[in-house]
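Peer 1: Dropping in my_file35.cif, with mmCIF, C-alpha atoms.
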data_protein
#
loop_
_atom_site.label_atom_id
_atom_site.label_comp_id
_atom_site.auth_asym_id
_atom_site.auth_seq_id
_atom_site.Cartn_x
_atom_site.Cartn_y
_atom_site.Cartn_z
CA MET R 1 0.00 0.00 0.00
CA LYS R 2 1.18 3.50 -0.82
CA ALA R 3 0.11 5.78 2.00
CA VAL R 4 0.58 9.17 3.59
CA ILE R 5 0.84 8.88 7.37
CA ILE R 6 -0.14 11.74 9.65
CA LEU R 7 2.72 11.91 12.11
CA SER R 8 2.45 14.07 15.21
CA GLY R 9 5.72 12.97 16.73
CA GLY R 10 3.85 11.38 19.67
CA LEU R 11 3.74 7.78 20.85
CA ASP R 12 0.76 6.62 18.79
CA SER R 13 1.69 7.88 15.33
CA THR R 14 5.35 6.95 15.84
CA THR R 15 4.22 3.40 16.59
CA LEU R 16 2.03 3.40 13.49
CA LEU R 17 4.97 4.59 11.39
CA TYR R 18 7.12 1.68 12.56
CA TYR R 19 4.21 -0.74 12.18
CA MET R 20 3.58 0.26 8.56
CA LEU R 21 7.26 0.12 7.64
CA ARG R 22 7.45 -3.38 9.11
CA ARG R 23 4.61 -4.33 6.80
CA GLU R 24 6.51 -2.86 3.88
CA HIS R 25 4.01 -0.19 3.06
CA SER R 26 5.41 2.62 0.95
CA ILE R 27 5.07 5.72 3.11
CA LYS R 28 5.45 9.46 3.15
CA ALA R 29 4.85 11.32 6.39
CA MET R 30 3.01 14.58 6.94
CA SER R 31 3.09 16.72 10.08
CA PHE R 32 1.31 19.95 10.92
CA ASN R 33 2.35 23.12 12.65
CA TYR R 34 -1.00 24.57 13.68
CA GLY R 35 0.40 26.77 16.43
CA GLN R 36 0.43 24.10 19.13
CA ARG R 37 2.33 24.89 22.34
CA HIS R 38 4.09 21.57 22.03
CA VAL R 39 5.52 22.33 18.58
CA LYS R 40 8.56 20.50 19.91
CA GLU R 41 6.83 17.27 18.85
CA LEU R 42 7.63 18.21 15.25
CA ASP R 43 11.37 17.98 15.96
CA TYR R 44 10.80 14.40 17.03
CA ALA R 45 8.74 13.70 13.93
CA LYS R 46 11.54 15.07 11.74
CA LYS R 47 14.18 13.10 13.62
CA VAL R 48 12.41 9.76 13.40
CA CYS R 49 11.67 10.23 9.69
CA LYS R 50 15.29 11.03 8.98
CA LYS R 51 16.39 7.97 10.95
CA LEU R 52 13.98 5.70 9.09
CA GLY R 53 14.52 7.26 5.65
CA VAL R 54 10.91 8.42 5.28
CA GLU R 55 10.13 11.51 3.21
CA HIS R 56 8.55 14.06 5.53
CA GLU R 57 6.46 17.13 4.81
CA VAL R 58 5.71 19.65 7.56
CA VAL R 59 2.76 21.84 6.63
CA ASP R 60 2.46 25.24 8.25
CA ILE R 61 -1.23 25.83 8.95
CA ARG R 62 -0.82 28.39 11.71
CA ASN R 63 -3.12 30.80 9.89
CA ILE R 64 -5.83 28.13 10.09
CA GLY R 65 -4.87 27.46 13.71
CA LYS R 66 -5.62 31.09 14.56
CA LEU R 67 -9.23 30.64 13.45
CA ILE R 68 -9.77 27.60 15.66
CA SER R 69 -7.65 28.54 18.64
CA ASN R 70 -10.03 28.22 21.60
CA SER R 71 -7.98 25.31 22.87
CA SER R 72 -5.60 25.12 25.79
CA LEU R 73 -3.19 23.35 23.43
CA MET R 74 -2.84 26.62 21.59
CA GLY R 75 -2.08 28.94 24.46
CA LYS R 76 -5.60 29.64 25.73
CA GLY R 77 -5.62 28.87 29.47
CA LYS R 78 -3.81 26.20 31.42
CA ILE R 79 -3.08 22.69 30.20
CA PRO R 80 -5.21 20.38 32.38
CA GLU R 81 -3.70 17.49 34.27
CA GLY R 82 -4.97 13.95 34.69
CA HIS R 83 -6.95 11.65 32.44
CA TYR R 84 -8.56 12.08 29.03
CA GLN R 85 -11.87 10.99 30.52
CA ALA R 86 -11.98 14.08 32.77
CA GLU R 87 -14.28 16.96 31.82
CA SER R 88 -11.40 19.46 32.09
CA MET R 89 -9.56 17.72 29.25
CA LYS R 90 -12.16 19.06 26.83
CA SER R 91 -10.13 22.28 26.79
CA THR R 92 -7.50 20.39 24.78
CA VAL R 93 -9.89 19.73 21.90
CA VAL R 94 -8.85 21.59 18.74
CA PRO R 95 -12.01 22.04 16.62
CA ASN R 96 -12.12 19.61 13.72
CA ARG R 97 -8.37 19.09 13.79
CA ASN R 98 -8.45 15.53 12.48
CA MET R 99 -10.69 16.36 9.54
CA ILE R 100 -8.49 19.31 8.60
CA MET R 101 -5.30 17.24 8.76
CA LEU R 102 -6.85 14.27 7.00
CA SER R 103 -8.32 16.39 4.20
CA ILE R 104 -4.92 17.93 3.41
CA ALA R 105 -3.20 14.54 3.55
CA ILE R 106 -5.90 13.08 1.29
CA GLY R 107 -5.31 15.88 -1.24
CA TRP R 108 -1.58 15.17 -1.18
CA ALA R 109 -2.17 11.42 -1.55
CA GLU R 110 -4.60 11.95 -4.45
CA ASN R 111 -2.10 14.21 -6.16
CA MET R 112 0.63 11.56 -5.92
CA LYS R 113 -1.77 8.74 -6.89
CA TYR R 114 -1.36 7.12 -3.48
CA GLU R 115 -4.04 4.83 -2.10
CA ALA R 116 -4.47 5.70 1.55
CA VAL R 117 -3.97 8.09 4.43
CA ALA R 118 -3.00 6.60 7.79
CA ILE R 119 -3.88 8.03 11.19
CA ALA R 120 -3.11 6.70 14.68
CA ASN R 121 -6.29 7.48 16.62
CA HIS R 122 -6.99 4.84 19.28
CA SER R 123 -9.88 3.85 21.51
CA GLY R 124 -8.65 5.89 24.49
CA ASP R 125 -9.13 9.08 22.46
CA HIS R 126 -12.84 8.51 21.89
CA ALA R 127 -14.01 9.87 25.22
CA ILE R 128 -13.23 13.50 24.49
CA TYR R 129 -12.23 13.80 20.85
CA PRO R 130 -15.31 13.32 18.65
CA ASP R 131 -13.09 13.24 15.55
CA CYS R 132 -11.28 10.13 16.83
CA THR R 133 -14.35 7.90 17.08
CA PRO R 134 -14.86 4.81 14.92
CA LYS R 135 -17.98 6.40 13.40
CA PHE R 136 -16.13 9.57 12.38
CA ILE R 137 -13.26 7.62 10.84
CA GLU R 138 -15.69 5.31 9.01
CA LEU R 139 -17.64 8.25 7.53
CA LEU R 140 -14.56 10.20 6.51
CA ASP R 141 -13.14 7.06 4.93
CA MET R 142 -16.28 6.75 2.81
CA ALA R 143 -16.24 10.46 1.93
CA ALA R 144 -12.58 10.28 0.85
CA ASN R 145 -13.37 7.19 -1.16
CA VAL R 146 -16.14 8.81 -3.20
CA GLY R 147 -14.56 12.29 -3.25
CA THR R 148 -11.31 11.31 -5.01
CA TYR R 149 -10.47 9.72 -8.35
CA GLN R 150 -8.02 7.40 -6.57
CA GLY R 151 -10.72 6.23 -4.19
CA ILE R 152 -8.49 7.09 -1.23
CA ASN R 153 -9.06 5.14 1.99
CA ILE R 154 -8.38 6.05 5.60
CA TYR R 155 -6.20 3.48 7.34
CA ALA R 156 -6.73 3.70 11.11
CA PRO R 157 -5.68 0.31 12.47
CA PHE R 158 -5.59 1.42 16.14
CA THR R 159 -9.20 2.66 16.26
CA ASP R 160 -10.38 -0.32 18.30
CA ILE R 161 -7.35 -0.89 20.50
CA ASN R 162 -6.19 1.26 23.40
CA LYS R 163 -2.97 3.05 24.22
CA ASN R 164 -1.71 0.17 26.36
CA ASP R 165 -2.00 -2.09 23.32
CA VAL R 166 -0.26 0.48 21.14
CA ALA R 167 2.61 0.70 23.62
CA MET R 168 2.85 -3.11 23.75
CA LEU R 169 3.04 -3.22 19.99
CA GLY R 170 5.71 -0.51 19.93
CA LEU R 171 7.90 -2.07 22.61
CA GLY R 172 7.50 -5.37 20.83
CA MET R 173 8.97 -3.72 17.74
CA GLY R 174 11.81 -2.34 19.87
CA ILE R 175 10.89 1.34 19.63
CA ASP R 176 12.90 3.61 21.92
CA TYR R 177 10.14 6.08 22.72
CA ASP R 178 12.39 8.45 24.67
CA LYS R 179 14.50 9.02 21.58
CA ASP R 180 11.83 8.75 18.91
CA SER R 181 8.78 10.58 20.24
CA TRP R 182 7.48 13.52 22.24
CA THR R 183 4.16 13.60 24.06
CA CYS R 184 3.95 16.37 26.67
CA TYR R 185 1.37 19.04 25.82
CA LYS R 186 3.36 21.71 27.62
CA GLY R 187 6.32 21.48 25.24
CA LEU R 188 8.92 22.54 27.81
CA GLU R 189 12.51 21.29 27.91
CA VAL R 190 11.54 18.22 29.94
CA ALA R 191 8.14 16.45 29.85
CA CYS R 192 5.96 17.62 32.77
CA GLY R 193 4.72 14.13 33.64
CA LYS R 194 1.34 15.47 34.75
CA CYS R 195 -0.67 16.66 31.76
CA GLY R 196 -3.24 14.32 30.22
CA SER R 197 -0.91 13.32 27.46
CA CYS R 198 2.04 12.61 29.80
CA THR R 199 -0.21 10.70 32.19
CA GLU R 200 -1.57 8.41 29.51
CA ARG R 201 1.84 7.86 27.94
CA LYS R 202 3.42 6.93 31.24
CA GLU R 203 0.60 4.56 32.17
CA ALA R 204 0.67 2.86 28.79
CA LEU R 205 4.42 2.36 28.84
CA ASP R 206 4.34 1.15 32.45
CA TYR R 207 1.61 -1.30 31.52
CA ALA R 208 3.54 -2.61 28.55
CA LYS R 209 6.87 -2.82 30.34
CA ASN R 210 5.22 -4.68 33.22
CA LYS R 211 3.64 -7.19 30.85
CA LEU R 212 6.88 -7.66 28.97
CA SER R 213 8.85 -8.16 32.20
CA LYS R 214 6.55 -11.10 32.95
CA THR R 215 7.32 -12.71 29.61
CA ASN R 216 11.02 -12.61 30.49
CA SER R 217 10.77 -13.99 34.00
CA MET C 1 -29.31 29.28 11.27
CA LYS C 2 -25.78 30.49 12.05
CA ALA C 3 -23.55 29.40 9.21
CA VAL C 4 -20.18 29.86 7.56
CA ILE C 5 -20.52 30.07 3.78
CA ILE C 6 -17.68 29.08 1.49
CA LEU C 7 -17.56 31.92 -1.01
CA SER C 8 -15.42 31.61 -4.13
CA GLY C 9 -16.57 34.86 -5.69
CA GLY C 10 -18.18 32.97 -8.59
CA LEU C 11 -21.80 32.80 -9.71
CA ASP C 12 -22.92 29.84 -7.61
CA SER C 13 -21.62 30.82 -4.18
CA THR C 14 -22.58 34.47 -4.72
CA THR C 15 -26.13 33.31 -5.41
CA LEU C 16 -26.09 31.17 -2.28
CA LEU C 17 -24.89 34.13 -0.23
CA TYR C 18 -27.83 36.27 -1.40
CA TYR C 19 -30.22 33.34 -0.95
CA MET C 20 -29.18 32.76 2.66
CA LEU C 21 -29.31 36.45 3.53
CA ARG C 22 -32.84 36.59 2.11
CA ARG C 23 -33.75 33.77 4.46
CA GLU C 24 -32.25 35.73 7.33
CA HIS C 25 -29.55 33.26 8.17
CA SER C 26 -26.72 34.70 10.24
CA ILE C 27 -23.66 34.35 8.04
CA LYS C 28 -19.92 34.74 7.95
CA ALA C 29 -18.09 34.11 4.68
CA MET C 30 -14.82 32.27 4.12
CA SER C 31 -12.72 32.33 0.95
CA PHE C 32 -9.49 30.55 0.10
CA ASN C 33 -6.36 31.59 -1.68
CA TYR C 34 -4.90 28.24 -2.71
CA GLY C 35 -2.74 29.61 -5.49
CA GLN C 36 -5.45 29.60 -8.15
CA ARG C 37 -4.71 31.48 -11.40
CA HIS C 38 -8.04 33.22 -11.06
CA VAL C 39 -7.24 34.68 -7.65
CA LYS C 40 -9.09 37.71 -8.99
CA GLU C 41 -12.30 35.96 -7.87
CA LEU C 42 -11.32 36.81 -4.30
CA ASP C 43 -11.58 40.55 -5.04
CA TYR C 44 -15.18 39.95 -6.06
CA ALA C 45 -15.83 37.91 -2.92
CA LYS C 46 -14.45 40.75 -0.81
CA LYS C 47 -16.44 43.36 -2.68
CA VAL C 48 -19.77 41.57 -2.39
CA CYS C 49 -19.26 40.87 1.32
CA LYS C 50 -18.47 44.51 1.97
CA LYS C 51 -21.55 45.57 0.03
CA LEU C 52 -23.79 43.16 1.93
CA GLY C 53 -22.20 43.76 5.34
CA VAL C 54 -21.01 40.17 5.74
CA GLU C 55 -17.89 39.43 7.79
CA HIS C 56 -15.37 37.83 5.46
CA GLU C 57 -12.27 35.77 6.16
CA VAL C 58 -9.78 34.99 3.39
CA VAL C 59 -7.56 32.06 4.34
CA ASP C 60 -4.18 31.76 2.67
CA ILE C 61 -3.58 28.07 2.01
CA ARG C 62 -1.05 28.46 -0.79
CA ASN C 63 1.39 26.19 1.04
CA ILE C 64 -1.27 23.46 0.91
CA GLY C 65 -1.98 24.38 -2.72
CA LYS C 66 1.64 23.64 -3.62
CA LEU C 67 1.22 20.04 -2.45
CA ILE C 68 -1.85 19.45 -4.60
CA SER C 69 -0.94 21.55 -7.62
CA ASN C 70 -1.30 19.13 -10.54
CA SER C 71 -4.24 21.15 -11.80
CA SER C 72 -4.49 23.51 -14.75
CA LEU C 73 -6.24 25.93 -12.38
CA MET C 74 -2.95 26.32 -10.60
CA GLY C 75 -0.69 27.05 -13.51
CA LYS C 76 0.04 23.52 -14.74
CA GLY C 77 -0.77 23.44 -18.46
CA LYS C 78 -3.47 25.19 -20.40
CA ILE C 79 -6.98 25.93 -19.15
CA PRO C 80 -9.30 23.76 -21.28
CA GLU C 81 -12.22 25.23 -23.16
CA GLY C 82 -15.75 23.92 -23.51
CA HIS C 83 -18.03 21.97 -21.18
CA TYR C 84 -17.53 20.41 -17.77
CA GLN C 85 -18.64 17.07 -19.19
CA ALA C 86 -15.59 16.95 -21.48
CA GLU C 87 -12.68 14.68 -20.54
CA SER C 88 -10.19 17.55 -20.87
CA MET C 89 -11.90 19.43 -18.05
CA LYS C 90 -10.50 16.87 -15.62
CA SER C 91 -7.31 18.93 -15.65
CA THR C 92 -9.19 21.57 -13.66
CA VAL C 93 -9.80 19.22 -10.74
CA VAL C 94 -7.90 20.32 -7.62
CA PRO C 95 -7.41 17.19 -5.48
CA ASN C 96 -9.80 17.08 -2.54
CA ARG C 97 -10.34 20.85 -2.64
CA ASN C 98 -13.87 20.76 -1.27
CA MET C 99 -13.01 18.55 1.68
CA ILE C 100 -10.05 20.79 2.55
CA MET C 101 -12.15 23.98 2.37
CA LEU C 102 -15.09 22.43 4.20
CA SER C 103 -12.93 21.01 6.97
CA ILE C 104 -11.39 24.41 7.70
CA ALA C 105 -14.78 26.12 7.59
CA ILE C 106 -16.21 23.43 9.90
CA GLY C 107 -13.37 24.07 12.38
CA TRP C 108 -14.11 27.81 12.28
CA ALA C 109 -17.85 27.20 12.70
CA GLU C 110 -17.28 24.81 15.62
CA ASN C 111 -15.00 27.34 17.28
CA MET C 112 -17.68 30.07 17.03
CA LYS C 113 -20.45 27.66 18.09
CA TYR C 114 -22.11 28.00 14.68
CA GLU C 115 -24.41 25.30 13.37
CA ALA C 116 -23.59 24.81 9.71
CA VAL C 117 -21.25 25.29 6.80
CA ALA C 118 -22.78 26.21 3.44
CA ILE C 119 -21.40 25.30 0.02
CA ALA C 120 -22.77 26.03 -3.45
CA ASN C 121 -22.01 22.82 -5.35
CA HIS C 122 -24.68 22.08 -7.98
CA SER C 123 -25.66 19.14 -10.15
CA GLY C 124 -23.67 20.34 -13.17
CA ASP C 125 -20.45 19.92 -11.17
CA HIS C 126 -20.99 16.22 -10.54
CA ALA C 127 -19.67 15.03 -13.87
CA ILE C 128 -16.03 15.83 -13.19
CA TYR C 129 -15.70 16.88 -9.58
CA PRO C 130 -16.14 13.82 -7.33
CA ASP C 131 -16.18 16.08 -4.28
CA CYS C 132 -19.32 17.86 -5.54
CA THR C 133 -21.53 14.77 -5.71
CA PRO C 134 -24.60 14.26 -3.50
CA LYS C 135 -22.97 11.18 -1.96
CA PHE C 136 -19.81 13.05 -1.01
CA ILE C 137 -21.75 15.92 0.52
CA GLU C 138 -24.01 13.52 2.41
CA LEU C 139 -21.06 11.60 3.87
CA LEU C 140 -19.11 14.70 4.82
CA ASP C 141 -22.23 16.12 6.44
CA MET C 142 -22.50 13.01 8.60
CA ALA C 143 -18.78 13.07 9.42
CA ALA C 144 -18.97 16.76 10.46
CA ASN C 145 -22.03 15.99 12.52
CA VAL C 146 -20.38 13.24 14.57
CA GLY C 147 -16.91 14.84 14.54
CA THR C 148 -17.86 18.11 16.28
CA TYR C 149 -19.42 18.98 19.63
CA GLN C 150 -21.77 21.40 17.84
CA GLY C 151 -22.95 18.66 15.52
CA ILE C 152 -22.14 20.86 12.52
CA ASN C 153 -24.15 20.23 9.35
CA ILE C 154 -23.28 20.86 5.71
CA TYR C 155 -25.89 23.01 3.98
CA ALA C 156 -25.71 22.45 0.21
CA PRO C 157 -29.13 23.45 -1.14
CA PHE C 158 -28.06 23.50 -4.82
CA THR C 159 -26.79 19.89 -4.90
CA ASP C 160 -29.79 18.66 -6.88
CA ILE C 161 -30.42 21.67 -9.12
CA ASN C 162 -28.31 22.80 -12.07
CA LYS C 163 -26.52 26.01 -12.93
CA ASN C 164 -29.45 27.22 -15.07
CA ASP C 165 -31.66 26.98 -12.01
CA VAL C 166 -29.07 28.74 -9.87
CA ALA C 167 -28.90 31.59 -12.39
CA MET C 168 -32.72 31.80 -12.49
CA LEU C 169 -32.78 32.04 -8.73
CA GLY C 170 -30.10 34.74 -8.73
CA LEU C 171 -31.70 36.88 -11.42
CA GLY C 172 -34.96 36.47 -9.58
CA MET C 173 -33.30 38.00 -6.54
CA GLY C 174 -31.96 40.81 -8.71
CA ILE C 175 -28.26 39.92 -8.50
CA ASP C 176 -26.03 41.92 -10.84
CA TYR C 177 -23.56 39.15 -11.65
CA ASP C 178 -21.22 41.38 -13.64
CA LYS C 179 -20.63 43.54 -10.61
CA ASP C 180 -20.85 40.92 -7.88
CA SER C 181 -19.04 37.85 -9.21
CA TRP C 182 -16.11 36.55 -11.23
CA THR C 183 -16.03 33.22 -13.00
CA CYS C 184 -13.29 32.97 -15.63
CA TYR C 185 -10.59 30.42 -14.80
CA LYS C 186 -7.96 32.40 -16.66
CA GLY C 187 -8.17 35.38 -14.31
CA LEU C 188 -7.15 37.95 -16.91
CA GLU C 189 -8.43 41.53 -17.06
CA VAL C 190 -11.51 40.51 -19.02
CA ALA C 191 -13.28 37.12 -18.88
CA CYS C 192 -12.12 34.88 -21.78
CA GLY C 193 -15.61 33.63 -22.61
CA LYS C 194 -14.25 30.24 -23.69
CA CYS C 195 -13.03 28.28 -20.68
CA GLY C 196 -15.33 25.72 -19.08
CA SER C 197 -16.31 28.07 -16.35
CA CYS C 198 -17.07 31.00 -18.71
CA THR C 199 -19.00 28.71 -21.04
CA GLU C 200 -21.26 27.37 -18.33
CA ARG C 201 -21.80 30.79 -16.79
CA LYS C 202 -22.79 32.33 -20.09
CA GLU C 203 -25.15 29.49 -20.97
CA ALA C 204 -26.81 29.59 -17.56
CA LEU C 205 -27.31 33.35 -17.63
CA ASP C 206 -28.58 33.21 -21.25
CA TYR C 207 -31.01 30.48 -20.26
CA ALA C 208 -32.30 32.43 -17.28
CA LYS C 209 -32.55 35.75 -19.13
CA ASN C 210 -34.42 34.06 -21.96
CA LYS C 211 -36.89 32.49 -19.54
CA LEU C 212 -37.38 35.76 -17.70
CA SER C 213 -37.91 37.69 -20.94
CA LYS C 214 -40.83 35.37 -21.64
CA THR C 215 -42.41 36.15 -18.30
CA ASN C 216 -42.37 39.84 -19.23
CA SER C 217 -43.81 39.49 -22.71
#
Would you mind writing the file's structure down as structure tokens?
Peer 2:
Amino acid sequence: MKAVIILSGGLDSTTLLYYMLRREHSIKAMSFNYGQRHVKELDYAKKVCKKLGVEHEVVDIRNIGKLISNSSLMGKGKIPEGHYQAESMKSTVVPNRNMIMLSIAIGWAENMKYEAVAIANHSGDHAIYPDCTPKFIELLDMAANVGTYQGINIYAPFTDINKNDVAMLGLGMGIDYDKDSWTCYKGLEVACGKCGSCTERKEALDYAKNKLSKTNS
Amino acid sequence: MKAVIILSGGLDSTTLLYYMLRREHSIKAMSFNYGQRHVKELDYAKKVCKKLGVEHEVVDIRNIGKLISNSSLMGKGKIPEGHYQAESMKSTVVPNRNMIMLSIAIGWAENMKYEAVAIANHSGDHAIYPDCTPKFIELLDMAANVGTYQGINIYAPFTDINKNDVAMLGLGMGIDYDKDSWTCYKGLEVACGKCGSCTERKEALDYAKNKLSKTNS
């Protein structure tokens, strides 16, 4: 499969990148600068693409970001701490972000006569991000399919598994997440360890490492 | 209804703008500079919004345009002449343009707590633009609905009528298309009168004027 992968530089999309390369898909990666506080994640996206020899396009959509900037991820208010299920985490929702990123990636894929666009949404995202749900992905997949000459598909293999499973998969493939990915929403020098994104990352990696340690004992 | 209308500055979306204002919808307009040759259309969009007192946002997405630029509308090759049904008109297709524009407008609408995004695709577009078909619009409407907290809808009232009907509607509302809209794909000082877009515009306006002249006789 020839596919464009949407790569944030975080744990999930980095895992998907490795996963698709393992399966010998032909891939180009696309990342977005929409004015996020944690723009640092893009450095990690660049680094991992360079390491893996994947062509990488960073699209500057900060002028779109300005129009949809009522999100704590974009400098409005404080980044909440804790779990994605919490009501306060809604402040991290960036309006229609996934559709915007997918639509641009679909255009790029169509232009190159590629077949698919890959995205690493997982089941833990569903609670607060409406554009990460199975229904949304299914509908956008159908829309992309009828709206392009190539009949582009959305490839979202993690939709029905959770972040623990994604981390298991990644550690199984030997990914060094400290080197290859960035998660913290605050985007400071060192990850804060407390924001929703840090919390979920740490729990998922702890879960996976714990499971793996049992396989070795 | 509070809605964002995608306004190209051409006949169809200008008609939709007038139509929605007549129905007392609360509207903001959004136009896109994607690197089109006929960027002149944006001057008409600005002018008509100013005249009608509609807030207007022009979004510069030329860096996205560069990634999807295998279209004669964006300087690659010659603008074809004749009808939209002709095979040569496929060169005017800009990959996934409608989904890209709609997704950005949906994000803006969601951010302002608006209810809908309006687009002026009509049945004459279906032949060559896959992202103007009823099926595409229906699927994207459903995706926007589940993908946003506002449950945004796509309002595309011209999907099942043709350009002749749109022109009839516009002349009925007293629109002065020469002053209020620009259609020619070539974007020169004066409309060429031969490109697909000019051809269809002229035929639609001739049709409508002819019909109207009969009502007066």
Peer 1: Using all atoms listed in the file, can you tell me which of R:Ser91, R:Lys163, R:Tyr114, R:Cys198 comes closest to Gly75 in chain R?
Peer 2: R:Ser91
Peer 1: Report as CSV: every residue of chain C with an atom at most 8 Å from chain R, its closest pair of atoms, and their distance in Å to one decimal, counting all atoms listed in the file, with rows sorted by chain and ascending residue number.
Peer 2:
residue,atom,partner,partner_atom,distance
C:Val59,CA,R:Ile64,CA,7.2
C:Asp60,CA,R:Asn63,CA,7.4
C:Ile61,CA,R:Ile61,CA,7.7
C:Asn63,CA,R:Val59,CA,7.2
C:Ile64,CA,R:Ile104,CA,7.1
C:Leu67,CA,R:Trp108,CA,5.8
C:Ile68,CA,R:Asn111,CA,5.5
C:Ser69,CA,R:Asn111,CA,7.6
C:Asn70,CA,R:Asn111,CA,6.6
C:Pro95,CA,R:Gly107,CA,4.9
C:Asn96,CA,R:Gly107,CA,4.8
C:Arg97,CA,R:Gly107,CA,7.2
C:Met99,CA,R:Ser103,CA,5.7
C:Ile100,CA,R:Ser103,CA,5.0
C:Ser103,CA,R:Ile100,CA,5.0
C:Ile104,CA,R:Ile100,CA,5.9
C:Ile106,CA,R:Asn96,CA,6.8
C:Gly107,CA,R:Asn96,CA,4.8
C:Trp108,CA,R:Ile68,CA,5.5
C:Glu110,CA,R:Pro95,CA,6.0
C:Asn111,CA,R:Ile68,CA,5.5
C:Tyr129,CA,R:Gly147,CA,7.9
C:Pro130,CA,R:Gly147,CA,4.6
C:Asp131,CA,R:Gly147,CA,4.2
C:Cys132,CA,R:Gly147,CA,7.7
C:Thr133,CA,R:Gly147,CA,7.8
C:Lys135,CA,R:Val146,CA,7.3
C:Phe136,CA,R:Ala143,CA,5.3
C:Ile137,CA,R:Ala143,CA,7.9
C:Leu139,CA,R:Ala143,CA,5.3
C:Leu140,CA,R:Ala143,CA,5.9
C:Met142,CA,R:Leu139,CA,6.9
C:Ala143,CA,R:Phe136,CA,5.3
C:Ala144,CA,R:Phe136,CA,8.0
C:Val146,CA,R:Phe136,CA,6.0
C:Gly147,CA,R:Asp131,CA,4.3
C:Thr148,CA,R:Pro130,CA,5.9
C:Tyr149,CA,R:Pro130,CA,7.1
Peer 1: Applying 10 Å and all atoms listed in the file, which residues near Lys47 in chain R remain after dropping the ones on its own chain fewer than 3 positions away? List them as a compact mmCIF listing (two decimals) with C-alpha atoms, in the coordinates of the input.
Peer 2:
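For reference, selection18.txt as written:
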# COMPACT_ATOMS: atom_id res chain seq x y z
CA GLY R 9 5.72 12.97 16.73
CA GLU R 41 6.83 17.27 18.85
CA LEU R 42 7.63 18.21 15.25
CA ASP R 43 11.37 17.98 15.96
CA TYR R 44 10.80 14.40 17.03
CA LYS R 50 15.29 11.03 8.98
CA LYS R 51 16.39 7.97 10.95
CA LEU R 52 13.98 5.70 9.09
CA GLY R 53 14.52 7.26 5.65
CA HIS R 56 8.55 14.06 5.53
CA LYS R 179 14.50 9.02 21.58
CA ASP R 180 11.83 8.75 18.91
CA SER R 181 8.78 10.58 20.24
Peer 1: I'd like the interatomic distance between CA of Val48 in chain R and CA of Arg23 in chain R, to a tenth of an Å.
Peer 2: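 Straight-line distance from CA of Val48 in chain R to CA of Arg23 in chain R works out to 17.4 Å.
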Peer 1: What is the distance between CA of Lys28 in chain R and CA of Ala127 in chain R, in Å to one decimal?
Peer 2: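 Answer for the CA of Lys28 in chain R to CA of Ala127 in chain R separation: 29.4 Å.
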Peer 1: The PyMOL selection byres ((chain C and resi 203) around 12) on the file shown: which residues, as a ChimeraX atom specification?
Peer 2: /C:82-83,162-168,193-194,196-202,204-210
Peer 1: Apply the PyMOL selection byres ((chain R and resi 122) around 6) to the structure shown and report the selected residues as a ChimeraX atom specification.
Peer 2: /R:121,123-125,158-159,161-162
Peer 1: Using only C-alpha atoms and a cutoff of 9 Å, can you tell me which residues are near (0.2, -5.0, 1.6) in the file's coordinates, and write them out as an NGL selection string?
Peer 2: :R and (1-2 or 23-25)
Peer 1: So how far away is CA of Gly77 in chain R from CA of Thr14 in chain R, in Å?
Peer 2: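 These atoms are spaced 28.0 Å apart.
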Peer 1: Identify, on the basis of all atoms listed in the file, every residue whose closest approach to Val58 in chain C does not exceed 8 Å; exclude the query and any residue fewer than 5 positions from it along the same chain; express the result as a count of residues only.
Peer 2: 4
